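Asker: Questions regarding the structure given below will be posed in turn.
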Amino acid sequence: MSTSGSVDFAVTRNEIITEALELLGVLANGDTADANDVSSCSRTLNMMIKHWQANGVCFWKSREVYLFLVPSTAAYSLGPSGTGNATLSFTKTEVATAAVSGASTLVVDSISGISDGDYIGVELDGGSLQWTTVNGTPSAATITLTDVLTDDVSVDANVYAYTSGINRPLFITEGRLHMDNGVETPLDLQPRNEYKRISQKTLTGSTVSAWYDPQLTNGVLYIWPTPTTVKDYLVLTARMPIEDFDNATDNPDFPQEWLLPLAWNLAVLVAPKFNQETSADFKATAGNMFANVADSAADYGSLFIEIGANR
């Protein structure tokens, strides 16, 4: 028996649209949709996947988000224009040579993973993180900063660097406080009413709870108590948005098992635009395809093993 040996089948945005229109009989095999029809179907396709996000089906979009803390600060804006320093990956190093306020360079233990233009946070002697950017490719162990240091910096002070921020998380499913000694403690994720009932929201200490308000462009994470040190940071398991279909050749931001449900459900939604009727069986097939892959993508439940249980 001979098989292909490959498992990388993929389709583009326009191929999904073509499949949907062929299912409806709008296009014959080999025909091509005109530009106006493609534009209209693309709009519906994007609206459909944004609607699906509300069902919480995009389990593959769970990411670890790292949020760097600000002493005595309770609220952090997360998103493309958010003021919170949050990222999906970062590099941590430490200061190798003490620096004084006004210095524009920093000597660190390692420059591995740090690049020109990266955001960089430096722990100052005053207890805050100064954020600026890396100005030029680091050389040897030296990093040039875009902005000069606003305070002295001691040997072994923490330095964090990352390349990109994050999009607005849809919601946060789990979180931990990562302490400087490497120990992580879980966060209690609260609903709005429980957070609002906290009487002293500016109380300082080790953060133990959080409430996330997704908002629109940027979500807001509220934490309690407010942190006392920039040596700790939060690790959040966040559900991130599905990427848009912007171009004809864009591949879906979906696992392969979602390709057929994408085409069938798009066909159901665009049928009225082409004066097409979809039967109850057609709609049921599309709905079942969605339900099947949504169920299969669900997080597995917990497995409990009881030692010494009676058989």
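Just so we're on the same page: first chain in the structure tokens is A, next is B, and so on; residues restart at 1 for each chain, and ligands are numbered from 1 in the order they show up.
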Give me, as a Markdown table, each residue of range 216-281 of chain A that comes within 12 Å of range 124-144 of chain A, together with its shortest interatomic pair and the distance in Å at one decimal, counting only C-alpha atoms, with rows ordered by chain and rising residue number.
Answerer:
```
| residue | atom | partner | partner_atom | distance |
| --- | --- | --- | --- | --- |
| A:Pro227 | CA | A:Ser128 | CA | 11.0 |
| A:Thr228 | CA | A:Gly127 | CA | 8.6 |
| A:Thr229 | CA | A:Gly127 | CA | 6.7 |
| A:Val230 | CA | A:Ser128 | CA | 6.3 |
| A:Lys231 | CA | A:Gly127 | CA | 9.1 |
| A:Asp232 | CA | A:Leu129 | CA | 11.2 |
| A:Tyr233 | CA | A:Leu129 | CA | 11.6 |
```
Asker: I need the residues in range 88-223 of chain A that are helix (DSSP H, G or I) according to DSSP; give them as a PDB file with N, CA and C atoms, in the first residue's frame.
Answerer:
```pdb
ATOM      1  N   ARG A 192     -17.338  39.703  38.033  1.00  0.00           N
ATOM      2  CA  ARG A 192     -17.365  41.134  38.299  1.00  0.00           C
ATOM      3  C   ARG A 192     -17.874  41.460  39.707  1.00  0.00           C
ATOM      4  N   ASN A 193     -18.990  40.833  40.110  1.00  0.00           N
ATOM      5  CA  ASN A 193     -19.592  41.233  41.384  1.00  0.00           C
ATOM      6  C   ASN A 193     -18.698  40.922  42.581  1.00  0.00           C
ATOM      7  N   GLU A 194     -17.930  39.812  42.494  1.00  0.00           N
ATOM      8  CA  GLU A 194     -17.048  39.483  43.612  1.00  0.00           C
ATOM      9  C   GLU A 194     -15.896  40.477  43.706  1.00  0.00           C
ATOM     10  N   TYR A 195     -15.334  40.850  42.535  1.00  0.00           N
ATOM     11  CA  TYR A 195     -14.252  41.841  42.583  1.00  0.00           C
ATOM     12  C   TYR A 195     -14.780  43.180  43.088  1.00  0.00           C
ATOM     13  N   LYS A 196     -15.963  43.577  42.644  1.00  0.00           N
ATOM     14  CA  LYS A 196     -16.508  44.868  43.047  1.00  0.00           C
ATOM     15  C   LYS A 196     -16.765  44.932  44.556  1.00  0.00           C
TER      16      LYS A 196
END
```
Asker: So that each row is one residue of range 5-82 of chain A with an atom at most 6 Å from range 157-173 of chain A, can you give its shortest atom pair and the distance in Å to one decimal, using only C-alpha atoms, rows by chain and rising number, as JSON lines?
Answerer:
```
{"residue": "A:Leu78", "atom": "CA", "partner": "A:Arg168", "partner_atom": "CA", "distance": 5.8}
{"residue": "A:Gly79", "atom": "CA", "partner": "A:Arg168", "partner_atom": "CA", "distance": 4.0}
{"residue": "A:Pro80", "atom": "CA", "partner": "A:Asn167", "partner_atom": "CA", "distance": 5.1}
```
Asker: Enumerate the residues of range 229-306 of chain A with a DSSP assignment of strand (DSSP E), computed from the backbone, and present them as a short mmCIF file (atom, residue, chain, number, x, y, z; two decimals) with C-alpha atoms, in the first residue's frame.
Answerer:
```cif
data_model
loop_
_atom_site.label_atom_id
_atom_site.label_comp_id
_atom_site.auth_asym_id
_atom_site.auth_seq_id
_atom_site.Cartn_x
_atom_site.Cartn_y
_atom_site.Cartn_z
CA TYR A 233 4.76 38.59 36.97
CA LEU A 234 1.47 36.96 35.98
CA VAL A 235 1.08 33.95 33.68
CA LEU A 236 -2.44 33.93 32.21
CA THR A 237 -4.05 31.21 30.10
CA ALA A 238 -6.03 33.33 27.66
CA ARG A 239 -8.32 32.51 24.76
#
```
Asker: Which polymer residues have any atom within 10 Å of an atom of Thr18 in chain A, counting only C-alpha atoms, with same-chain residues fewer than 6 positions away left out, as a list in words?
Answerer: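 Once the nearby chain positions are removed, what remains is Thr12, Leu24, Val26, Leu27, Ala28, Asn29, Gly30, Asp31, Thr32, Ala33, Val38, Cys41, Ala263 and Ala267 of chain A.
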Asker: Excluding Asp37 in chain A and residues on its chain fewer than 4 positions from it, collect all residues at most 10 Å away from it, counting only C-alpha atoms, and give them as a PyMOL selection string.
Answerer: chain A and resi 17+21+32-33+41-43+270+273-274
Asker: Which residue out of A:Val11, A:Leu145, A:Ala54, A:Leu203 has the minimum interatomic distance to Gly102 in chain A when only C-alpha atoms are used?
Answerer: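 Closest candidate: A:Leu145.
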Asker: Give me the residues within 10 Å of Pro191 in chain A as an mmCIF file with N, CA and C atoms, in the first residue's frame, counting only C-alpha atoms and dropping any in the same chain fewer than 5 places off.
Answerer:
```cif
data_model
loop_
_atom_site.group_PDB
_atom_site.id
_atom_site.type_symbol
_atom_site.label_atom_id
_atom_site.label_comp_id
_atom_site.auth_asym_id
_atom_site.auth_seq_id
_atom_site.Cartn_x
_atom_site.Cartn_y
_atom_site.Cartn_z
ATOM 1 N N LYS A 196 -15.963 43.577 42.644
ATOM 2 C CA LYS A 196 -16.508 44.868 43.047
ATOM 3 C C LYS A 196 -16.765 44.932 44.556
ATOM 4 N N ALA A 210 -8.130 37.836 40.492
ATOM 5 C CA ALA A 210 -8.209 38.719 39.332
ATOM 6 C C ALA A 210 -9.598 38.647 38.715
ATOM 7 N N TRP A 211 -9.989 39.719 38.059
ATOM 8 C CA TRP A 211 -11.220 39.763 37.268
ATOM 9 C C TRP A 211 -10.870 40.369 35.921
ATOM 10 N N TYR A 212 -11.318 39.715 34.831
ATOM 11 C CA TYR A 212 -11.022 40.206 33.479
ATOM 12 C C TYR A 212 -12.292 40.733 32.832
ATOM 13 N N ASP A 213 -12.213 41.971 32.357
ATOM 14 C CA ASP A 213 -13.305 42.632 31.651
ATOM 15 C C ASP A 213 -12.889 42.776 30.185
#
```
Asker: Which is closer to Ser199 in chain A than all the others in A:Pro225, A:Gly182, A:Ser101, A:Asn247, using only C-alpha atoms?
Answerer: A:Pro225
Asker: Residues near Asp295 in chain A, anyone? I mean within 12 Å using only C-alpha atoms, not counting same-chain ones fewer than 5 positions away, as a VMD selection string.
Answerer: chain A and resid 55 to 59 257 to 258 288 to 290 300
